[in-house]
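A.B. asks: Got a file for you: run07.pdb, PDB, C-alpha atoms.
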```
MODEL        1
ATOM      1  CA  MET A  28      33.002 -69.832  34.563
ATOM      2  CA  PHE A  29      31.345 -69.758  31.158
ATOM      3  CA  THR A  30      28.759 -67.143  32.081
ATOM      4  CA  SER A  31      31.426 -64.676  33.208
ATOM      5  CA  LYS A  32      32.632 -64.638  29.601
ATOM      6  CA  ALA A  33      29.088 -64.448  28.249
ATOM      7  CA  ASN A  34      28.014 -61.589  30.506
ATOM      8  CA  LYS A  35      31.140 -59.616  29.609
ATOM      9  CA  ILE A  36      30.491 -60.059  25.876
ATOM     10  CA  PHE A  37      26.817 -59.115  26.285
ATOM     11  CA  GLN A  38      27.805 -55.902  28.056
ATOM     12  CA  GLU A  39      30.274 -55.075  25.272
ATOM     13  CA  VAL A  40      27.588 -55.619  22.634
ATOM     14  CA  ILE A  41      25.019 -53.423  24.346
ATOM     15  CA  GLU A  42      27.477 -50.609  24.953
ATOM     16  CA  LYS A  43      28.702 -50.826  21.346
ATOM     17  CA  TYR A  44      25.129 -50.646  20.005
ATOM     18  CA  HIS A  45      24.316 -47.554  22.056
ATOM     19  CA  ILE A  46      27.236 -45.544  20.696
ATOM     20  CA  ILE A  47      25.211 -44.988  17.500
ATOM     21  CA  ASN A  48      21.928 -46.208  18.996
ATOM     22  CA  THR A  49      19.999 -46.940  15.820
ATOM     23  CA  VAL A  50      18.542 -50.213  14.563
ATOM     24  CA  ASP A  51      19.912 -49.808  11.046
ATOM     25  CA  GLN A  52      23.566 -49.367  11.993
ATOM     26  CA  PRO A  53      26.070 -51.774  10.423
ATOM     27  CA  PHE A  54      27.030 -54.890  12.353
ATOM     28  CA  GLU A  55      30.621 -55.960  12.774
ATOM     29  CA  ASN A  56      31.623 -58.938  14.882
ATOM     30  CA  PRO A  57      35.000 -58.368  16.565
ATOM     31  CA  PHE A  58      35.401 -62.109  17.115
ATOM     32  CA  PRO A  59      36.415 -64.201  14.095
ATOM     33  CA  GLU A  60      34.489 -67.373  13.351
ATOM     34  CA  SER A  61      37.515 -69.307  14.571
ATOM     35  CA  ASP A  62      36.683 -68.007  18.068
ATOM     36  CA  LEU A  63      33.408 -69.841  17.666
ATOM     37  CA  ILE A  64      31.596 -69.410  20.968
ATOM     38  CA  GLU A  65      32.630 -65.771  21.391
ATOM     39  CA  HIS A  66      31.560 -65.112  17.807
ATOM     40  CA  LEU A  67      28.167 -66.733  18.436
ATOM     41  CA  LEU A  68      27.572 -64.974  21.758
ATOM     42  CA  TYR A  69      28.366 -61.572  20.262
ATOM     43  CA  ARG A  70      26.073 -62.147  17.289
ATOM     44  CA  LYS A  71      23.315 -63.501  19.530
ATOM     45  CA  CYS A  72      23.268 -60.460  21.796
ATOM     46  CA  TRP A  73      23.425 -58.062  18.830
ATOM     47  CA  ILE A  74      20.289 -59.653  17.397
ATOM     48  CA  ASP A  75      18.585 -59.330  20.792
ATOM     49  CA  THR A  76      19.668 -55.711  21.170
ATOM     50  CA  VAL A  77      18.380 -54.644  17.766
ATOM     51  CA  GLN A  78      15.121 -56.480  18.374
ATOM     52  CA  TRP A  79      14.726 -54.799  21.772
ATOM     53  CA  HIS A  80      14.704 -51.465  19.965
ATOM     54  CA  TYR A  81      12.451 -52.732  17.185
ATOM     55  CA  GLU A  82       9.941 -53.550  19.921
ATOM     56  CA  ASP A  83      10.214 -49.996  21.312
ATOM     57  CA  ILE A  84       9.653 -48.443  17.884
ATOM     58  CA  ILE A  85       6.648 -50.523  16.923
ATOM     59  CA  ARG A  86       4.826 -49.466  20.098
ATOM     60  CA  ASP A  87       4.786 -45.832  18.970
ATOM     61  CA  PRO A  88       1.032 -45.024  18.819
ATOM     62  CA  GLU A  89       1.711 -42.606  15.951
ATOM     63  CA  ILE A  90       3.649 -45.080  13.801
ATOM     64  CA  ASP A  91       2.724 -45.123  10.131
ATOM     65  CA  PRO A  92       0.813 -48.366   9.359
ATOM     66  CA  VAL A  93       3.007 -49.141   6.356
ATOM     67  CA  ALA A  94       6.140 -48.634   8.452
ATOM     68  CA  ALA A  95       4.626 -50.798  11.200
ATOM     69  CA  LEU A  96       4.021 -53.656   8.774
ATOM     70  CA  LYS A  97       7.580 -53.423   7.486
ATOM     71  CA  LEU A  98       8.865 -53.415  11.053
ATOM     72  CA  LYS A  99       6.709 -56.441  11.931
ATOM     73  CA  ARG A 100       8.396 -58.318   9.097
ATOM     74  CA  GLN A 101      11.798 -57.263  10.468
ATOM     75  CA  ILE A 102      10.821 -58.493  13.935
ATOM     76  CA  ASP A 103       9.718 -61.826  12.453
ATOM     77  CA  ALA A 104      13.050 -62.185  10.654
ATOM     78  CA  SER A 105      14.916 -61.209  13.814
ATOM     79  CA  ASN A 106      13.036 -63.842  15.807
ATOM     80  CA  GLN A 107      14.078 -66.469  13.280
ATOM     81  CA  ASP A 108      17.712 -65.296  13.498
ATOM     82  CA  ARG A 109      17.505 -65.445  17.284
ATOM     83  CA  THR A 110      16.197 -69.017  17.203
ATOM     84  CA  ASP A 111      18.856 -70.049  14.701
ATOM     85  CA  MET A 112      21.592 -68.616  16.924
ATOM     86  CA  VAL A 113      20.285 -70.567  19.920
ATOM     87  CA  GLU A 114      20.527 -73.753  17.877
ATOM     88  CA  TYR A 115      24.057 -72.880  16.739
ATOM     89  CA  ILE A 116      25.124 -72.307  20.359
ATOM     90  CA  ASP A 117      23.592 -75.605  21.476
ATOM     91  CA  SER A 118      25.322 -77.360  18.585
ATOM     92  CA  TYR A 119      28.595 -75.904  19.885
ATOM     93  CA  PHE A 120      27.971 -77.465  23.301
ATOM     94  CA  LEU A 121      26.995 -80.796  21.753
ATOM     95  CA  GLU A 122      30.367 -80.800  19.999
ATOM     96  CA  VAL A 123      32.232 -79.827  23.182
ATOM     97  CA  TYR A 124      30.646 -82.634  25.198
ATOM     98  CA  LYS A 125      30.350 -85.274  22.468
ATOM     99  CA  GLU A 126      32.876 -87.562  24.186
ATOM    100  CA  VAL A 127      31.023 -87.499  27.525
ATOM    101  CA  THR A 128      29.043 -90.631  28.300
ATOM    102  CA  PRO A 129      26.019 -89.752  30.443
ATOM    103  CA  LYS A 130      25.683 -91.752  33.636
ATOM    104  CA  ALA A 131      22.915 -94.336  33.852
ATOM    105  CA  ASN A 132      20.901 -92.035  36.119
ATOM    106  CA  ALA A 133      21.618 -88.852  34.136
ATOM    107  CA  THR A 134      18.651 -86.555  33.611
ATOM    108  CA  ILE A 135      17.726 -83.969  31.025
ATOM    109  CA  ASN A 136      17.159 -80.329  31.923
ATOM    110  CA  THR A 137      13.970 -78.378  31.271
ATOM    111  CA  GLU A 138      15.906 -76.184  28.835
ATOM    112  CA  SER A 139      19.135 -76.545  26.912
ATOM    113  CA  PRO A 140      22.222 -74.478  27.783
ATOM    114  CA  ALA A 141      21.649 -72.108  24.860
ATOM    115  CA  TRP A 142      18.069 -71.296  25.861
ATOM    116  CA  GLY A 143      19.395 -70.362  29.291
ATOM    117  CA  ILE A 144      21.992 -68.187  27.557
ATOM    118  CA  ASP A 145      19.192 -66.635  25.494
ATOM    119  CA  ARG A 146      17.521 -65.559  28.736
ATOM    120  CA  LEU A 147      20.857 -64.253  30.036
ATOM    121  CA  SER A 148      21.290 -62.063  26.955
ATOM    122  CA  ILE A 149      17.803 -60.580  27.357
ATOM    123  CA  LEU A 150      18.492 -60.054  31.048
ATOM    124  CA  ALA A 151      21.604 -58.025  30.176
ATOM    125  CA  LEU A 152      19.384 -55.724  28.112
ATOM    126  CA  LYS A 153      16.875 -55.373  30.940
ATOM    127  CA  ILE A 154      19.676 -54.473  33.345
ATOM    128  CA  TYR A 155      21.178 -51.898  30.979
ATOM    129  CA  HIS A 156      17.893 -50.136  30.327
ATOM    130  CA  MET A 157      16.624 -50.342  33.900
ATOM    131  CA  ASN A 158      19.877 -48.760  35.043
ATOM    132  CA  GLU A 159      19.261 -45.971  32.519
ATOM    133  CA  GLU A 160      15.849 -45.380  34.070
ATOM    134  CA  ALA A 161      17.205 -45.529  37.615
ATOM    135  CA  THR A 162      19.711 -42.791  36.801
ATOM    136  CA  ARG A 163      17.744 -40.712  34.266
ATOM    137  CA  ALA A 164      18.314 -37.028  35.034
ATOM    138  CA  ASP A 165      14.843 -35.875  33.986
ATOM    139  CA  ALA A 166      12.980 -38.581  35.946
ATOM    140  CA  SER A 167      11.310 -38.040  39.306
ATOM    141  CA  GLU A 168      12.944 -39.342  42.465
ATOM    142  CA  ALA A 169      10.028 -41.751  42.909
ATOM    143  CA  HIS A 170      10.555 -43.134  39.406
ATOM    144  CA  LYS A 171      14.287 -43.560  39.960
ATOM    145  CA  ALA A 172      13.765 -45.238  43.329
ATOM    146  CA  ALA A 173      11.224 -47.673  41.872
ATOM    147  CA  CYS A 174      13.546 -48.518  39.001
ATOM    148  CA  LYS A 175      16.472 -48.987  41.385
ATOM    149  CA  LYS A 176      14.469 -51.630  43.254
ATOM    150  CA  LYS A 177      13.707 -53.392  40.001
ATOM    151  CA  LEU A 178      17.363 -53.144  38.984
ATOM    152  CA  ASP A 179      18.424 -54.824  42.234
ATOM    153  CA  VAL A 180      16.084 -57.726  41.488
ATOM    154  CA  LEU A 181      17.411 -58.038  37.932
ATOM    155  CA  LEU A 182      21.002 -58.090  39.171
ATOM    156  CA  GLU A 183      20.125 -60.830  41.650
ATOM    157  CA  GLN A 184      18.382 -62.726  38.876
ATOM    158  CA  ARG A 185      21.520 -62.522  36.737
ATOM    159  CA  VAL A 186      23.592 -64.069  39.520
ATOM    160  CA  ASP A 187      21.067 -66.879  39.959
ATOM    161  CA  LEU A 188      20.680 -67.550  36.235
ATOM    162  CA  SER A 189      24.436 -67.464  35.662
ATOM    163  CA  THR A 190      24.952 -69.942  38.495
ATOM    164  CA  ALA A 191      22.252 -72.230  37.109
ATOM    165  CA  ILE A 192      23.770 -72.211  33.602
ATOM    166  CA  ASP A 193      27.295 -72.865  34.883
ATOM    167  CA  THR A 194      25.981 -75.676  37.075
ATOM    168  CA  LEU A 195      24.152 -77.220  34.112
ATOM    169  CA  LEU A 196      27.277 -77.124  31.961
ATOM    170  CA  SER A 197      29.290 -78.686  34.775
ATOM    171  CA  ASP A 198      26.678 -81.412  35.229
ATOM    172  CA  ILE A 199      26.728 -82.187  31.490
ATOM    173  CA  GLU A 200      30.524 -82.351  31.552
ATOM    174  CA  LYS A 201      30.392 -84.807  34.491
ATOM    175  CA  GLY A 202      27.682 -86.909  32.864
ATOM    176  CA  ASP A 203      25.061 -86.082  35.501
ATOM    177  CA  LYS A 204      22.936 -84.318  32.875
ATOM    178  CA  TYR A 205      22.591 -84.758  29.150
ATOM    179  CA  MET A 206      21.288 -82.433  26.484
ATOM    180  CA  LYS A 207      19.442 -82.601  23.196
ATOM    181  CA  VAL A 208      18.825 -79.990  20.514
ATOM    182  CA  TYR A 209      15.255 -79.844  19.322
ATOM    183  CA  LYS A 210      14.951 -77.842  16.131
ATOM    184  CA  GLN A 211      12.326 -75.125  16.450
ATOM    185  CA  MET A 212       9.562 -76.424  14.229
ATOM    186  CA  LYS A 213       8.013 -73.038  13.558
ATOM    187  CA  MET A 214       4.903 -73.296  11.428
ATOM    188  CA  TYR A 215       3.848 -69.742  10.665
ATOM    189  CA  ASN A 216       6.695 -69.041   8.204
ATOM    190  CA  ASP A 217       6.170 -72.287   6.288
ATOM    191  CA  ASP A 218       3.949 -71.962   3.222
ATOM    192  CA  GLU A 219       2.870 -75.594   3.620
ATOM    193  CA  LEU A 220       2.112 -75.471   7.350
ATOM    194  CA  ASN A 221       0.571 -72.001   7.635
ATOM    195  CA  PRO A 222      -2.982 -72.278   6.195
ATOM    196  CA  VAL A 223      -3.034 -68.592   5.190
ATOM    197  CA  LEU A 224       0.170 -68.913   3.179
ATOM    198  CA  ARG A 225      -0.900 -72.272   1.762
ATOM    199  CA  SER A 226      -4.164 -70.836   0.489
ATOM    200  CA  GLN A 227      -2.269 -68.234  -1.547
ATOM    201  CA  LYS A 228      -0.183 -70.745  -3.495
TER     202      LYS A 228
ENDMDL
END
```
Write out the structure in this file as C-alpha cells.
C.D. replies:
Amino acid sequence: MFTSKANKIFQEVIEKYHIINTVDQPFENPFPESDLIEHLLYRKCWIDTVQWHYEDIIRDPEIDPVAALKLKRQIDASNQDRTDMVEYIDSYFLEVYKEVTPKANATINTESPAWGIDRLSILALKIYHMNEEATRADASEAHKAACKKKLDVLLEQRVDLSTAIDTLLSDIEKGDKYMKVYKQMKMYNDDELNPVLRSQK
C-alpha cells in the first residue's frame, strides 16, 4: 500500500530531524530525484517538521519582536513550500494515472491524494510528539495518562486516514474516481492582489 511507504518515510524524517533538533540544521534528502515520489515525500515531511518547530518557537511569550517578525516571514515561506510540495505530489499522481479513463459515473473526491498525504505527514508529527509527552519522565502520571489516550486516538486516526488515501488511489486507478489539481491561488503574497502590498508600489 502506498501509505505504508509514506508513513515509513515520515517516521524516518522526524527521527532524523530530532537527532540535531534545531530548525536551522542543514537538509539532505537521501532519495535522489530519480526516486521521485520518495524524494517528494521526504522533502514534504521535512518542511512540515521544521514548521512544527517554528510554530513552537513563535509562541514563546518572551520572544524578541524583531525575531518574531523574522520567524513569521520564515513560516510564510514554509507554508508556500508546503503548498508547492502538495502540488508536486499531485502532479506525480496525475502522471501515474494519465492513461486511466474515468468511468462515466466516476466522481471527484473532496480532496486530492496529496492533500490527504499532507494531513498524514502532520499526523505523523502529532503522533511523535504526543508519544514524547506520554512517556516524558518529568511529567505527572495524570499528564502521561491523558496524553496516552490522545495518542491512541491519533494512532487510530492514522489507520483510518491511511486506509482512505489508499482506497482513493485504488479508485482512481480503477476509474471510479478522478482527480484534478487546483493551483493554490494565494493572494496575500501577490503584490497585485494584496491591497497592502499594492499600495506600496
A.B. asks: Quick one: everything within 9 Å of segment 58-75 of chain A, counting only C-alpha atoms, minus sequence neighbours fewer than 4 positions away in the same chain. Send it as a list of chain:residue names.
C.D. replies: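 In the requested format, the answer is A:Lys32, A:Ala33, A:Ile36, A:Phe37, A:Gln38, A:Glu39, A:Val40, A:Ile41, A:Tyr44, A:Phe54, A:Trp79, A:His80, A:Ser105, A:Asn106, A:Asp108, A:Arg109, A:Met112, A:Val113, A:Tyr115, A:Ile116, A:Tyr119, A:Ile144, A:Asp145, A:Ser148, A:Ile149, A:Ala151, A:Leu152.
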A.B. asks: Got a sec: who's within 7 Å of Leu98 of chain A, counting all atoms listed in the file, leaving out chain neighbours fewer than 4 positions off, as a list in words?
C.D. replies: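 In the requested format, the answer is Ile85, Ala94 and Ile102 of chain A.
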A.B. asks: Hey, can you check how far atom CA of Lys153 of chain A sits from atom CA of Phe120 of chain A?
C.D. replies: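 So the answer is 25.9 Å.
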A.B. asks: So which one's closest to Ile154 of chain A, A:Thr110, A:Ser197, A:Gln101, A:Asn34? Using all atoms listed in the file, please.
C.D. replies: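 Once distances to Ile154 of chain A are computed over all atoms listed in the file, the minimum belongs to A:Asn34.
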A.B. asks: Centre and edge lengths, as lines of an AutoDock Vina configuration file, for the axis-aligned box enclosing every listed atom of segment 31-37 of chain A with 6 Å of padding on each of the six sides, in Å to one decimal?
C.D. replies:
```
center_x = 29.7
center_y = -61.9
center_z = 29.5
size_x = 17.8
size_y = 17.6
size_z = 19.3
```
A.B. asks: So how many Å separate atom CA of Asn56 of chain A and atom CA of Glu183 of chain A, to one decimal?
C.D. replies: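 Atom CA of Asn56 of chain A sits 29.2 Å away from atom CA of Glu183 of chain A.
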A.B. asks: With N, CA and C atoms as the atom set, please write segment 137-173 of chain A from the structure just given, as a PDB file, in the first residue's frame.
C.D. replies:
```
ATOM      1  N   THR A 137     -13.389  14.940  -2.228  1.00  0.00           N
ATOM      2  CA  THR A 137     -13.379  16.263  -1.610  1.00  0.00           C
ATOM      3  C   THR A 137     -11.983  16.847  -1.531  1.00  0.00           C
ATOM      4  N   GLU A 138     -10.951  15.988  -1.528  1.00  0.00           N
ATOM      5  CA  GLU A 138      -9.578  16.472  -1.546  1.00  0.00           C
ATOM      6  C   GLU A 138      -8.766  15.562  -2.437  1.00  0.00           C
ATOM      7  N   SER A 139      -7.690  16.102  -2.973  1.00  0.00           N
ATOM      8  CA  SER A 139      -6.809  15.323  -3.841  1.00  0.00           C
ATOM      9  C   SER A 139      -5.964  14.372  -2.995  1.00  0.00           C
ATOM     10  N   PRO A 140      -5.333  13.374  -3.637  1.00  0.00           N
ATOM     11  CA  PRO A 140      -4.462  12.474  -2.871  1.00  0.00           C
ATOM     12  C   PRO A 140      -3.394  13.205  -2.063  1.00  0.00           C
ATOM     13  N   ALA A 141      -2.768  14.223  -2.656  1.00  0.00           N
ATOM     14  CA  ALA A 141      -1.660  14.887  -1.967  1.00  0.00           C
ATOM     15  C   ALA A 141      -2.118  15.676  -0.745  1.00  0.00           C
ATOM     16  N   TRP A 142      -3.337  16.224  -0.768  1.00  0.00           N
ATOM     17  CA  TRP A 142      -3.807  16.917   0.430  1.00  0.00           C
ATOM     18  C   TRP A 142      -4.118  15.931   1.544  1.00  0.00           C
ATOM     19  N   GLY A 143      -4.527  14.716   1.188  1.00  0.00           N
ATOM     20  CA  GLY A 143      -4.642  13.669   2.203  1.00  0.00           C
ATOM     21  C   GLY A 143      -3.283  13.290   2.763  1.00  0.00           C
ATOM     22  N   ILE A 144      -2.280  13.224   1.887  1.00  0.00           N
ATOM     23  CA  ILE A 144      -0.914  12.916   2.314  1.00  0.00           C
ATOM     24  C   ILE A 144      -0.362  14.038   3.187  1.00  0.00           C
ATOM     25  N   ASP A 145      -0.718  15.274   2.870  1.00  0.00           N
ATOM     26  CA  ASP A 145      -0.336  16.409   3.718  1.00  0.00           C
ATOM     27  C   ASP A 145      -0.840  16.191   5.142  1.00  0.00           C
ATOM     28  N   ARG A 146      -2.075  15.791   5.281  1.00  0.00           N
ATOM     29  CA  ARG A 146      -2.644  15.531   6.610  1.00  0.00           C
ATOM     30  C   ARG A 146      -1.935  14.361   7.285  1.00  0.00           C
ATOM     31  N   LEU A 147      -1.537  13.362   6.488  1.00  0.00           N
ATOM     32  CA  LEU A 147      -0.849  12.197   7.045  1.00  0.00           C
ATOM     33  C   LEU A 147       0.523  12.572   7.589  1.00  0.00           C
ATOM     34  N   SER A 148       1.208  13.476   6.910  1.00  0.00           N
ATOM     35  CA  SER A 148       2.509  13.957   7.370  1.00  0.00           C
ATOM     36  C   SER A 148       2.370  14.706   8.696  1.00  0.00           C
ATOM     37  N   ILE A 149       1.396  15.593   8.788  1.00  0.00           N
ATOM     38  CA  ILE A 149       1.157  16.328  10.030  1.00  0.00           C
ATOM     39  C   ILE A 149       0.767  15.367  11.148  1.00  0.00           C
ATOM     40  N   LEU A 150      -0.007  14.364  10.810  1.00  0.00           N
ATOM     41  CA  LEU A 150      -0.422  13.376  11.807  1.00  0.00           C
ATOM     42  C   LEU A 150       0.788  12.614  12.358  1.00  0.00           C
ATOM     43  N   ALA A 151       1.763  12.334  11.517  1.00  0.00           N
ATOM     44  CA  ALA A 151       2.984  11.663  11.985  1.00  0.00           C
ATOM     45  C   ALA A 151       3.698  12.518  13.023  1.00  0.00           C
ATOM     46  N   LEU A 152       3.696  13.824  12.822  1.00  0.00           N
ATOM     47  CA  LEU A 152       4.306  14.737  13.798  1.00  0.00           C
ATOM     48  C   LEU A 152       3.522  14.766  15.095  1.00  0.00           C
ATOM     49  N   LYS A 153       2.204  14.772  15.009  1.00  0.00           N
ATOM     50  CA  LYS A 153       1.377  14.747  16.215  1.00  0.00           C
ATOM     51  C   LYS A 153       1.638  13.472  17.019  1.00  0.00           C
ATOM     52  N   ILE A 154       1.732  12.356  16.318  1.00  0.00           N
ATOM     53  CA  ILE A 154       1.971  11.073  16.984  1.00  0.00           C
ATOM     54  C   ILE A 154       3.337  11.072  17.673  1.00  0.00           C
ATOM     55  N   TYR A 155       4.355  11.541  16.978  1.00  0.00           N
ATOM     56  CA  TYR A 155       5.702  11.566  17.549  1.00  0.00           C
ATOM     57  C   TYR A 155       5.730  12.401  18.826  1.00  0.00           C
ATOM     58  N   HIS A 156       5.175  13.589  18.769  1.00  0.00           N
ATOM     59  CA  HIS A 156       5.264  14.491  19.911  1.00  0.00           C
ATOM     60  C   HIS A 156       4.286  14.117  21.035  1.00  0.00           C
ATOM     61  N   MET A 157       3.159  13.532  20.683  1.00  0.00           N
ATOM     62  CA  MET A 157       2.257  13.068  21.742  1.00  0.00           C
ATOM     63  C   MET A 157       2.858  11.867  22.462  1.00  0.00           C
ATOM     64  N   ASN A 158       3.565  11.024  21.719  1.00  0.00           N
ATOM     65  CA  ASN A 158       4.257   9.905  22.367  1.00  0.00           C
ATOM     66  C   ASN A 158       5.340  10.415  23.316  1.00  0.00           C
ATOM     67  N   GLU A 159       6.041  11.476  22.908  1.00  0.00           N
ATOM     68  CA  GLU A 159       7.027  12.093  23.806  1.00  0.00           C
ATOM     69  C   GLU A 159       6.374  12.527  25.115  1.00  0.00           C
ATOM     70  N   GLU A 160       5.212  13.149  25.004  1.00  0.00           N
ATOM     71  CA  GLU A 160       4.513  13.629  26.196  1.00  0.00           C
ATOM     72  C   GLU A 160       3.989  12.479  27.041  1.00  0.00           C
ATOM     73  N   ALA A 161       3.559  11.412  26.387  1.00  0.00           N
ATOM     74  CA  ALA A 161       3.015  10.262  27.113  1.00  0.00           C
ATOM     75  C   ALA A 161       4.085   9.477  27.850  1.00  0.00           C
ATOM     76  N   THR A 162       5.341   9.721  27.496  1.00  0.00           N
ATOM     77  CA  THR A 162       6.446   8.977  28.119  1.00  0.00           C
ATOM     78  C   THR A 162       7.465   9.910  28.786  1.00  0.00           C
ATOM     79  N   ARG A 163       7.122  11.183  28.913  1.00  0.00           N
ATOM     80  CA  ARG A 163       8.072  12.170  29.454  1.00  0.00           C
ATOM     81  C   ARG A 163       8.335  11.897  30.932  1.00  0.00           C
ATOM     82  N   ALA A 164       9.618  11.730  31.278  1.00  0.00           N
ATOM     83  CA  ALA A 164       9.992  11.304  32.626  1.00  0.00           C
ATOM     84  C   ALA A 164       9.592  12.304  33.702  1.00  0.00           C
ATOM     85  N   ASP A 165       9.634  13.607  33.364  1.00  0.00           N
ATOM     86  CA  ASP A 165       9.351  14.619  34.381  1.00  0.00           C
ATOM     87  C   ASP A 165       7.879  15.043  34.415  1.00  0.00           C
ATOM     88  N   ALA A 166       7.020  14.333  33.670  1.00  0.00           N
ATOM     89  CA  ALA A 166       5.594  14.662  33.663  1.00  0.00           C
ATOM     90  C   ALA A 166       4.855  13.866  34.733  1.00  0.00           C
ATOM     91  N   SER A 167       3.729  14.401  35.166  1.00  0.00           N
ATOM     92  CA  SER A 167       2.913  13.695  36.163  1.00  0.00           C
ATOM     93  C   SER A 167       2.254  12.477  35.517  1.00  0.00           C
ATOM     94  N   GLU A 168       1.838  11.544  36.364  1.00  0.00           N
ATOM     95  CA  GLU A 168       1.157  10.352  35.859  1.00  0.00           C
ATOM     96  C   GLU A 168      -0.159  10.728  35.184  1.00  0.00           C
ATOM     97  N   ALA A 169      -0.833  11.749  35.712  1.00  0.00           N
ATOM     98  CA  ALA A 169      -2.092  12.194  35.113  1.00  0.00           C
ATOM     99  C   ALA A 169      -1.852  12.747  33.710  1.00  0.00           C
ATOM    100  N   HIS A 170      -0.774  13.529  33.575  1.00  0.00           N
ATOM    101  CA  HIS A 170      -0.433  14.096  32.268  1.00  0.00           C
ATOM    102  C   HIS A 170      -0.119  12.982  31.279  1.00  0.00           C
ATOM    103  N   LYS A 171       0.681  12.018  31.695  1.00  0.00           N
ATOM    104  CA  LYS A 171       1.064  10.928  30.806  1.00  0.00           C
ATOM    105  C   LYS A 171      -0.137  10.075  30.414  1.00  0.00           C
ATOM    106  N   ALA A 172      -1.037   9.846  31.359  1.00  0.00           N
ATOM    107  CA  ALA A 172      -2.231   9.053  31.062  1.00  0.00           C
ATOM    108  C   ALA A 172      -3.133   9.776  30.065  1.00  0.00           C
ATOM    109  N   ALA A 173      -3.288  11.090  30.250  1.00  0.00           N
ATOM    110  CA  ALA A 173      -4.122  11.875  29.339  1.00  0.00           C
ATOM    111  C   ALA A 173      -3.529  11.883  27.932  1.00  0.00           C
TER     112      ALA A 173
END
```
